[in-house]
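**Q** Structure provided below as structure tokens; questions to follow.
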Amino acid sequence: MQQERPEQPERPEQETDAERRRRRAQFLRELNEAKALRERVQPRRARAARMRQAVRMRSFRW
């Protein structure tokens with residue numbers, strides 16, 4: 001099942017920095033909301049992911 005993607009995304013030629021930042025902020029809000037929902041829906045998997053992240057952080061060398 002492959003979706004066709006247009007070569008160029010549909011957006012105006014001259015996009016201001018403010019518009020780009022606003023869209024990016026909206027995307028990041030939705031992403032964080034989705035992550036929070038996933039943690040509520042799958043608590044065991046989320047806990048395991050947190051534990052793996054903690055192990056990675058402990059083993060990271062500065």
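Residues in the structure tokens are numbered from 1 in each chain, the chains being A, B, ... in the order shown, and ligands are numbered from 1 in the order shown.
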As an MDAnalysis selection string, list the residues of region 3-57 of chain A assigned to alpha helix (DSSP H) by DSSP on the backbone atoms of this structure.

**A** chainID A and resid 17:41 43:57

**Q** Give me, as a list of chain:residue names, all polymer residues having an atom no more than 10 Å from Ala46 (chain A), counting only C-alpha atoms and skipping those fewer than 6 positions away in the same chain.

**A**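 Selected residues are A:Lys35, A:Ala36, A:Arg38, A:Glu39, A:Arg40, A:Arg52.
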
**Q** If I take CA of Gln42 (chain A) and CA of Gln26 (chain A), how far is one from the other in Å, to one decimal?

**A**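 Going from CA of Gln42 (chain A) over to CA of Gln26 (chain A), I get 24.2 Å.
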
**Q** One decimal, Å: what's the distance from CA of Arg58 (chain A) over to CA of Pro43 (chain A), could you say?

**A**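 CA of Arg58 (chain A) sits 22.4 Å away from CA of Pro43 (chain A).
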